[in-house]
Amino acid sequence: MRKFFLFLLLPFCAVAQNKSTTGAQKIAAFKQQQLLLQQSPYKDLQWRLTGPDNRSGRSTDVVGITGNPNVFYAAFATGGLWKTEDAGTTWKPIFDQEATQSIGNIALAKSDPNTLYVGTGEANIFRASLPGIGMYKTTNAGKTFQHIGLENTGTIARVIVHPKNANVVYVAASGNEWTYNKDRGVYLTTDGGKTWKNILFESEKSGCIDLVMDPSDPNTLYASMWNRIRKRWSDPVPEDGDNLYKTTDAGKTWKKITKGLPDTKLTGRIGLAASHSNPNVLYAFVDDHNKKRDPNPGETDSYERKVQKVVIGAAIYRSSNKGESWEKMGEVHDFLKPFSGTYGWVFSQIRVHPKNENRVYAFGVEKAISEDGGKTWKVWEATDKQSEWTHGDHHALWIDEENPDRMIMGDDGGVSITYNGGEKWKNFFDEIPTTQFYTVAYDMQTPFNIFGAVQDEGTMSGNVSNTFGQAADTTLRPWRMAPGGEGTQIAVDPMDANIVYASSYYGRLMRTDISKGRREGMKQFKQFDVGRIDSLRGEWLAATIMSKFNNKVLYHGLQHLYKTEDGGETWKMISSDLSYNRKERNGNYPYLIYHQAITAVAEGNKAGVVYAGTDDGRVWLTTNDGTSWKEITKGLPYNKHVAKIVASAFNPSRVYVVLNDRRADNNTPYVYVSDDYGATWKSIASNLPASPANVIAEHPDNANVLFCGTDFGVYMSKDGGKKWIAINGTIPESVSVNDLFIHPRDKKLVIGTYGRGVYVLDDLNSLQ
């Protein structure tokens with residue numbers, strides 16, 4: 001039995017916690033970044049978008065123009081705002097010069113289709129959602145935008161424009177994702193965004209998650225409040241305060257409406273819809289967490305965990321008297337399992353056919369339709385065999401009020417359109433490059449292939465020589481699915497590019513030989529099955545690396561670090577729990593997120609020297625392959641997510657650490673270097689704008705040249721981090737760069753963005 005010697009460091013010596021970043025600080029950071037871009041000698045640097053060309057990213061909202069089928073807009077969670085003027089044949093991004101690419105909701109003014117309001121900050125609060133910076137407005141159909149305030153709202157769920165006055169706008173502000181704040185509720189402007197007034201505020205915990213206007217009376221509105229917050233160890237948990245409100249005087253006064261609705265102590269997000277054909281009729285999609293039934297024997301959830309509780313999920317309520325009282329009509333969850341389940345905080349979108357009050361659409365993992373006012377539901381499937389595939393996880397639907405057969409839909413795959421009420425769909429997944437990459441890796445093929453973990457897709461792979469929008473060389477690998485789940489760090493054998501190590505979810509590691517069939521080529525390492533072993537904790541992006549000294553040696557991190565010396569046939573645990581392992585930070589099923597686990601591992605300049613970092617901010621070093629460990633956290637800020645560790649190839653005692661505090665709504669960039677194996681640390685964030693840092697890499701031929709990816713793009717330093725130079729070039733100004741690498745043989749710089757796909761800089765010499 002191997003002994004572990006851990007030298008513990010108590011938190012009292014750590015740097016104090018930082019407060020969440022304010023809107024004013026975000027604006028200042030963007031101005032700083034714009035200045036760096038203007039001053040950069042590489043402001044015209046040409047990056048090549050390589051793909052993928054068969055998936056977009058998560059679309060959060062879509063809107064068209066009644067009477068003009070050629071023009072419509074699509075908003076994305078982290079991919080910005082896109083517009084087509086030829087019914088989807090071509091698309092162009094129109095928001096790339098703004099301070100965020102995270103869009104929550106958009107709204108066109110019916111009285112002036114050139115006026116579009118943009119609410120930033122995705123309200124779905126995924127684990128990797130990015131915050132916004134308030135409201136924007138265009139009065140020239142997207143040629144230019146103006147920031148018009150509400151920069152402290154964090155996320156915006158709905159924007160409603162008065163049908164006859166484009167200057168009167170209501171905004172559902174859902175608040176920060178990870179921390180409570182007072183800038184929540186319903187806001188109103190009557191002067192086109194020059195001034196705003198909070199007209200409905202419940203508490204710093206409750207934001208407004210949906211807002212609808214009575215189609216027959218613009219002074220009557222209904223608001224859905226949601227008491228919610230995400231924690232690093234938990235999805236949103238139901239709490240009291242998910243109330244519905246109604247105003248009949250344009251927001252001067254509100255009353256709570258509860259008759260017939262369930263107790264809010266066990267409900268979550270509530271979506272709303274009003275019937276245009278009969279404005280007396282309203283629908284509410286209630287995320288109901290009351291128990292529905294006992295689990296079936298062996299039943300597992302979407303993450304392969306044993307089901308301990310089955311909740312009602314999607315409960316549909318209807319009011320026939322303008323919200324004064326409600327009646328439960330039906331439940332969607334069991335029929336479309338897992339339609340909503342405990343994922344109601346992601347969905348709860350509901351729509352009514354504008355000419356038929358009884359035809360209702362509800363969105364979850366699947367899309368559903370009811371023809372009897374919500375009593376019964378079925379999967380809303382295309383009936384035309386020529387219909388193109390539509391993606392899962394649905395977030396948006398726009399219906400043409402005059403021609404309801406024309407509908408535009410947004411989901412995790414992008415945007416689709418139908419002209420015949422859903423019988424046949426056409427998607428635009430290959431036209432809008434907004435794919436969300438968590439990680440990127442490479443193989444040693446010639447030319448090499450890129451691997452990446454993609455939100456809601458799994459792992460994808462494509463050849464570095466592909467160029468988006470151009471015909472690919474058929475001898476090269478097109479972008480396709482590859483082994484691994486959507487959350488994984490990937491290692492490819494440099495001696496055999498068919499051998500890929502990747503996780504499915506939360507550190508469930510597997511080895512795949514992609515030259516064989518899926519079943520024949522895959523070996524799962526059952527000892528990492530965190531779904532069935534409660535004592536194990538693996539992060540969404542559990543740390544996995546292959547040794548640079550031996551392709552049969554790999555390290556894999558849950559809360560302990562594991563090592564194999566035979567390509568995964570056998571594993572041994574070489575550390576004890578490296579996290580703080582605080583019981584109060586262990587979530588409860590079905591809301592739990594695995595936390596307090598290893599997120600970064602790096603080898604030193606010789607075998608047996610290994611660094612490891614955790615998501616609760618601890619960093620460790622072993623010089624004897626795990627026989628003993630020394631904590632080297634002292635001097636680093638406390639309780640920050642360790643995003644990346646890189647041991648220098650030039651100096652054996654030098655190591656870089658990137659920490660990220662996005663999960664506390666803190667945009668401070670944390671980039672550190674140590675020249676004494678972590679005994680002391682020095683910040684090298686220097687002039688980086690206030691935006692979470694995600695990754696760092698050394699230039700393979702120059703110890704002084706570093707590259708850093710942040711939520712504000714990519715930067716280079718020529719002096720070891722004393723000064724950073726913006727090198728976004730042709731990349732959108734505020735795109736998030738989650739990961740990057742320099743191919744060791746071909747010297748190409750590859751960045752994986754969270755919202756705009758994968759870019760390649762083919763010639764590093766262009767940065768000399």
# chains A, B, ... in the order shown; residues from 1 in each chain; ligands from 1

$ closest_atom_pairs --of "region 568-607 of chain A" --to "region 481-500 of chain A" --cutoff "12 Å" --atoms "only C-alpha atoms" --output "tab-separated table"
residue	atom	partner	partner_atom	distance
A:Gly568	CA	A:Val500	CA	11.4
A:Ile598	CA	A:Gln489	CA	11.9
A:Thr599	CA	A:Gln489	CA	9.3
A:Ala600	CA	A:Gln489	CA	9.6
A:Val601	CA	A:Gln489	CA	10.7

$ select_by_dssp --residues "region 213-438 of chain A" --states "strand (DSSP E)" --output "number ranges by chain"
A: 213-214, 217-227, 244-247, 255-257, 267-274, 282-293, 310-319, 327-331, 349-352, 360-363, 367-370, 378-379, 394-399, 407-411, 414-418, 425-427, 437-438

$ closest_residue --among "A:Leu188, A:Phe285, A:Glu324, A:Ile148" --to "Ile209 (chain A)" --atoms "only C-alpha atoms"
A:Phe285

$ atom_distance --atom1 "CA of Met510 (chain A)" --atom2 "CA of Trp571 (chain A)"
12.5 Å

$ closest_atom_pairs --of "region 601-673 of chain A" --to "region 572-583 of chain A" --cutoff "9 Å" --atoms "only C-alpha atoms" --output "CSV"
residue,atom,partner,partner_atom,distance
A:Ala612,CA,A:Leu578,CA,8.3
A:Gly613,CA,A:Leu578,CA,8.0
A:Thr614,CA,A:Ser579,CA,6.1
A:Asp615,CA,A:Ser579,CA,7.8
A:Asp616,CA,A:Ser579,CA,6.6
A:Gly617,CA,A:Ser579,CA,8.0
A:Arg618,CA,A:Ser579,CA,6.4
A:Val619,CA,A:Leu578,CA,8.2
A:Trp620,CA,A:Leu578,CA,7.7
A:Asp625,CA,A:Ile574,CA,7.4
A:Gly626,CA,A:Ile574,CA,4.9
A:Thr627,CA,A:Ile574,CA,7.0
A:Ser628,CA,A:Ser575,CA,8.0
A:Trp629,CA,A:Ser575,CA,7.6
A:Glu631,CA,A:Leu578,CA,8.9

$ write_last_selection --atoms "N, CA, C and O atoms" --output "PDB file, in the first residue's frame"
ATOM      1  N   ALA A 612      -0.345  19.248 -10.054  1.00  0.00           N
ATOM      2  CA  ALA A 612      -1.796  19.019 -10.117  1.00  0.00           C
ATOM      3  C   ALA A 612      -2.514  20.181  -9.455  1.00  0.00           C
ATOM      4  O   ALA A 612      -2.067  20.708  -8.426  1.00  0.00           O
ATOM      5  N   GLY A 613      -3.634  20.591 -10.056  1.00  0.00           N
ATOM      6  CA  GLY A 613      -4.434  21.674  -9.505  1.00  0.00           C
ATOM      7  C   GLY A 613      -5.898  21.307  -9.471  1.00  0.00           C
ATOM      8  O   GLY A 613      -6.368  20.514 -10.306  1.00  0.00           O
ATOM      9  N   THR A 614      -6.633  21.881  -8.534  1.00  0.00           N
ATOM     10  CA  THR A 614      -8.030  21.508  -8.329  1.00  0.00           C
ATOM     11  C   THR A 614      -8.964  22.688  -8.616  1.00  0.00           C
ATOM     12  O   THR A 614      -8.535  23.839  -8.699  1.00  0.00           O
ATOM     13  N   ASP A 615     -10.247  22.373  -8.705  1.00  0.00           N
ATOM     14  CA  ASP A 615     -11.234  23.416  -8.978  1.00  0.00           C
ATOM     15  C   ASP A 615     -11.547  24.275  -7.767  1.00  0.00           C
ATOM     16  O   ASP A 615     -12.275  25.258  -7.879  1.00  0.00           O
ATOM     17  N   ASP A 616     -11.028  23.915  -6.604  1.00  0.00           N
ATOM     18  CA  ASP A 616     -11.188  24.779  -5.437  1.00  0.00           C
ATOM     19  C   ASP A 616      -9.871  25.441  -5.054  1.00  0.00           C
ATOM     20  O   ASP A 616      -9.688  25.886  -3.917  1.00  0.00           O
ATOM     21  N   GLY A 617      -8.950  25.519  -6.009  1.00  0.00           N
ATOM     22  CA  GLY A 617      -7.815  26.399  -5.874  1.00  0.00           C
ATOM     23  C   GLY A 617      -6.553  25.854  -5.263  1.00  0.00           C
ATOM     24  O   GLY A 617      -5.642  26.623  -4.951  1.00  0.00           O
ATOM     25  N   ARG A 618      -6.433  24.553  -5.093  1.00  0.00           N
ATOM     26  CA  ARG A 618      -5.213  24.000  -4.516  1.00  0.00           C
ATOM     27  C   ARG A 618      -4.270  23.550  -5.645  1.00  0.00           C
ATOM     28  O   ARG A 618      -4.709  22.977  -6.652  1.00  0.00           O
ATOM     29  N   VAL A 619      -2.973  23.782  -5.457  1.00  0.00           N
ATOM     30  CA  VAL A 619      -1.954  23.379  -6.425  1.00  0.00           C
ATOM     31  C   VAL A 619      -0.888  22.577  -5.691  1.00  0.00           C
ATOM     32  O   VAL A 619      -0.446  22.957  -4.594  1.00  0.00           O
ATOM     33  N   TRP A 620      -0.479  21.478  -6.327  1.00  0.00           N
ATOM     34  CA  TRP A 620       0.413  20.512  -5.685  1.00  0.00           C
ATOM     35  C   TRP A 620       1.565  20.137  -6.615  1.00  0.00           C
ATOM     36  O   TRP A 620       1.451  20.231  -7.833  1.00  0.00           O
ATOM     37  N   ASP A 625       6.882  11.041  -8.414  1.00  0.00           N
ATOM     38  CA  ASP A 625       5.771  10.322  -9.038  1.00  0.00           C
ATOM     39  C   ASP A 625       4.681   9.923  -8.046  1.00  0.00           C
ATOM     40  O   ASP A 625       4.079   8.866  -8.161  1.00  0.00           O
ATOM     41  N   GLY A 626       4.454  10.787  -7.055  1.00  0.00           N
ATOM     42  CA  GLY A 626       3.327  10.573  -6.164  1.00  0.00           C
ATOM     43  C   GLY A 626       3.646   9.939  -4.841  1.00  0.00           C
ATOM     44  O   GLY A 626       2.743   9.774  -4.012  1.00  0.00           O
ATOM     45  N   THR A 627       4.884   9.560  -4.613  1.00  0.00           N
ATOM     46  CA  THR A 627       5.218   8.996  -3.298  1.00  0.00           C
ATOM     47  C   THR A 627       4.959  10.020  -2.202  1.00  0.00           C
ATOM     48  O   THR A 627       4.448   9.701  -1.124  1.00  0.00           O
ATOM     49  N   SER A 628       5.280  11.270  -2.486  1.00  0.00           N
ATOM     50  CA  SER A 628       4.967  12.360  -1.568  1.00  0.00           C
ATOM     51  C   SER A 628       4.571  13.578  -2.379  1.00  0.00           C
ATOM     52  O   SER A 628       4.995  13.758  -3.525  1.00  0.00           O
ATOM     53  N   TRP A 629       3.742  14.414  -1.776  1.00  0.00           N
ATOM     54  CA  TRP A 629       3.249  15.626  -2.431  1.00  0.00           C
ATOM     55  C   TRP A 629       3.490  16.826  -1.537  1.00  0.00           C
ATOM     56  O   TRP A 629       3.414  16.732  -0.306  1.00  0.00           O
ATOM     57  N   GLU A 631       2.102  20.843  -1.116  1.00  0.00           N
ATOM     58  CA  GLU A 631       1.178  21.858  -1.597  1.00  0.00           C
ATOM     59  C   GLU A 631       1.938  23.153  -1.859  1.00  0.00           C
ATOM     60  O   GLU A 631       2.733  23.607  -1.027  1.00  0.00           O
TER      61      GLU A 631
END

$ residues_around --residues "region 436-444 of chain A" --least-positions-apart "2" --cutoff "9 Å" --atoms "only C-alpha atoms" --output "PyMOL selection string"
chain A and resi 56-58+78-79+128+434+446-456+486-498+541+737-741+743-745+750-758

$ atom_distance --atom1 "CA of Ala109 (chain A)" --atom2 "CA of Leu200 (chain A)"
22.6 Å

$ closest_residue --among "A:Lys747, A:Arg508, A:His353, A:Lys375" --to "His556 (chain A)" --atoms "only C-alpha atoms"
A:Arg508

$ residues_around --residues "Arg48 (chain A)" --least-positions-apart "5" --cutoff "8 Å" --atoms "only C-alpha atoms" --output "CSV table (one decimal) with N, CA, C and O atoms, in the first residue's frame"
chain,number,residue,atom,x,y,z
A,467,THR,N,-10.9,24.6,-44.2
A,467,THR,CA,-11.3,26.0,-44.1
A,467,THR,C,-12.8,26.1,-44.2
A,467,THR,O,-13.4,25.6,-45.1
A,759,TYR,N,-9.9,28.3,-34.7
A,759,TYR,CA,-9.1,29.1,-35.6
A,759,TYR,C,-7.7,28.7,-35.6
A,759,TYR,O,-7.2,28.1,-34.6
A,760,VAL,N,-7.0,28.9,-36.7
A,760,VAL,CA,-5.6,28.5,-36.9
A,760,VAL,C,-4.8,29.7,-37.3
A,760,VAL,O,-5.2,30.4,-38.3
A,761,LEU,N,-3.6,29.9,-36.7
A,761,LEU,CA,-2.6,30.8,-37.2
A,761,LEU,C,-1.6,29.9,-37.9
A,761,LEU,O,-0.8,29.2,-37.2
A,762,ASP,N,-1.5,29.9,-39.2
A,762,ASP,CA,-0.7,28.9,-39.9
A,762,ASP,C,0.8,29.2,-39.8
A,762,ASP,O,1.6,28.3,-39.9

$ closest_residue --among "A:Lys31, A:Arg293, A:Lys92, A:Arg318" --to "Ser275 (chain A)" --atoms "only C-alpha atoms"
A:Arg318

$ closest_atom_pairs --of "region 74-143 of chain A" --to "region 266-274 of chain A" --cutoff "12 Å" --atoms "only C-alpha atoms" --output "tab-separated table"
residue	atom	partner	partner_atom	distance
A:Ala123	CA	A:Arg269	CA	10.8
A:Asn124	CA	A:Arg269	CA	9.9
A:Ile125	CA	A:Arg269	CA	11.6

$ write_last_selection --atoms "all heavy atoms" --output "mmCIF file, in the first residue's frame"
data_model
loop_
_atom_site.group_PDB
_atom_site.id
_atom_site.type_symbol
_atom_site.label_atom_id
_atom_site.label_comp_id
_atom_site.auth_asym_id
_atom_site.auth_seq_id
_atom_site.Cartn_x
_atom_site.Cartn_y
_atom_site.Cartn_z
ATOM 1 N N ALA A 123 -29.519 33.744 -20.173
ATOM 2 C CA ALA A 123 -30.286 33.528 -18.944
ATOM 3 C C ALA A 123 -30.437 32.054 -18.579
ATOM 4 O O ALA A 123 -31.010 31.738 -17.537
ATOM 5 C CB ALA A 123 -31.668 34.166 -19.078
ATOM 6 N N ASN A 124 -29.919 31.147 -19.405
ATOM 7 C CA ASN A 124 -30.103 29.715 -19.153
ATOM 8 C C ASN A 124 -29.139 29.172 -18.106
ATOM 9 O O ASN A 124 -29.277 28.041 -17.677
ATOM 10 C CB ASN A 124 -29.935 28.930 -20.450
ATOM 11 C CG ASN A 124 -30.997 29.275 -21.469
ATOM 12 O OD1 ASN A 124 -32.178 29.375 -21.143
ATOM 13 N ND2 ASN A 124 -30.593 29.490 -22.712
ATOM 14 N N ILE A 125 -28.160 29.927 -17.727
ATOM 15 C CA ILE A 125 -27.154 29.637 -16.696
ATOM 16 C C ILE A 125 -26.635 28.200 -16.741
ATOM 17 O O ILE A 125 -26.715 27.458 -15.776
ATOM 18 C CB ILE A 125 -27.615 30.052 -15.291
ATOM 19 C CG1 ILE A 125 -28.867 29.340 -14.809
ATOM 20 C CG2 ILE A 125 -27.826 31.554 -15.215
ATOM 21 C CD1 ILE A 125 -29.150 29.588 -13.302
#

$ decode --residues "region 121-140 of chain A" --atoms "N, CA and C atoms" --output "mmCIF file, in the first residue's frame"
data_model
loop_
_atom_site.group_PDB
_atom_site.id
_atom_site.type_symbol
_atom_site.label_atom_id
_atom_site.label_comp_id
_atom_site.auth_asym_id
_atom_site.auth_seq_id
_atom_site.Cartn_x
_atom_site.Cartn_y
_atom_site.Cartn_z
ATOM 1 N N GLY A 121 -26.193 38.540 -22.103
ATOM 2 C CA GLY A 121 -26.070 37.653 -20.955
ATOM 3 C C GLY A 121 -27.079 36.535 -21.015
ATOM 4 N N GLU A 122 -26.610 35.332 -21.357
ATOM 5 C CA GLU A 122 -27.515 34.189 -21.477
ATOM 6 C C GLU A 122 -28.187 33.887 -20.143
ATOM 7 N N ALA A 123 -29.519 33.744 -20.173
ATOM 8 C CA ALA A 123 -30.286 33.528 -18.944
ATOM 9 C C ALA A 123 -30.437 32.054 -18.579
ATOM 10 N N ASN A 124 -29.919 31.147 -19.405
ATOM 11 C CA ASN A 124 -30.103 29.715 -19.153
ATOM 12 C C ASN A 124 -29.139 29.172 -18.106
ATOM 13 N N ILE A 125 -28.160 29.927 -17.727
ATOM 14 C CA ILE A 125 -27.154 29.637 -16.696
ATOM 15 C C ILE A 125 -26.635 28.200 -16.741
ATOM 16 N N PHE A 126 -26.054 27.834 -17.865
ATOM 17 C CA PHE A 126 -25.286 26.596 -17.942
ATOM 18 C C PHE A 126 -23.999 26.750 -17.136
ATOM 19 N N ARG A 127 -23.284 25.653 -16.989
ATOM 20 C CA ARG A 127 -22.023 25.682 -16.241
ATOM 21 C C ARG A 127 -20.988 26.574 -16.921
ATOM 22 N N ALA A 128 -21.129 26.800 -18.220
ATOM 23 C CA ALA A 128 -20.147 27.612 -18.934
ATOM 24 C C ALA A 128 -20.796 28.803 -19.626
ATOM 25 N N SER A 129 -21.974 29.209 -19.165
ATOM 26 C CA SER A 129 -22.585 30.410 -19.726
ATOM 27 C C SER A 129 -21.725 31.625 -19.390
ATOM 28 N N LEU A 130 -21.763 32.609 -20.266
ATOM 29 C CA LEU A 130 -20.988 33.822 -20.053
ATOM 30 C C LEU A 130 -21.924 34.991 -19.760
ATOM 31 N N PRO A 131 -21.512 35.908 -18.907
ATOM 32 C CA PRO A 131 -22.382 37.027 -18.535
ATOM 33 C C PRO A 131 -22.461 38.079 -19.634
ATOM 34 N N GLY A 132 -23.457 38.933 -19.512
ATOM 35 C CA GLY A 132 -23.619 40.032 -20.452
ATOM 36 C C GLY A 132 -23.181 41.350 -19.858
ATOM 37 N N ILE A 133 -23.552 42.402 -20.570
ATOM 38 C CA ILE A 133 -23.184 43.743 -20.125
ATOM 39 C C ILE A 133 -24.338 44.702 -20.384
ATOM 40 N N GLY A 134 -25.576 44.171 -20.247
ATOM 41 C CA GLY A 134 -26.747 45.020 -20.343
ATOM 42 C C GLY A 134 -27.381 45.039 -21.716
ATOM 43 N N MET A 135 -27.923 46.202 -22.083
ATOM 44 C CA MET A 135 -28.743 46.350 -23.282
ATOM 45 C C MET A 135 -28.015 47.118 -24.388
ATOM 46 N N TYR A 136 -28.290 46.668 -25.627
ATOM 47 C CA TYR A 136 -27.824 47.366 -26.817
ATOM 48 C C TYR A 136 -29.028 47.673 -27.708
ATOM 49 N N LYS A 137 -28.802 48.607 -28.626
ATOM 50 C CA LYS A 137 -29.876 49.023 -29.527
ATOM 51 C C LYS A 137 -29.286 49.400 -30.879
ATOM 52 N N THR A 138 -29.984 49.009 -31.944
ATOM 53 C CA THR A 138 -29.664 49.487 -33.281
ATOM 54 C C THR A 138 -30.918 50.098 -33.885
ATOM 55 N N THR A 139 -30.754 51.200 -34.588
ATOM 56 C CA THR A 139 -31.883 51.824 -35.296
ATOM 57 C C THR A 139 -31.672 51.773 -36.807
ATOM 58 N N ASN A 140 -30.624 51.066 -37.239
ATOM 59 C CA ASN A 140 -30.355 50.935 -38.674
ATOM 60 C C ASN A 140 -30.182 49.483 -39.081
#
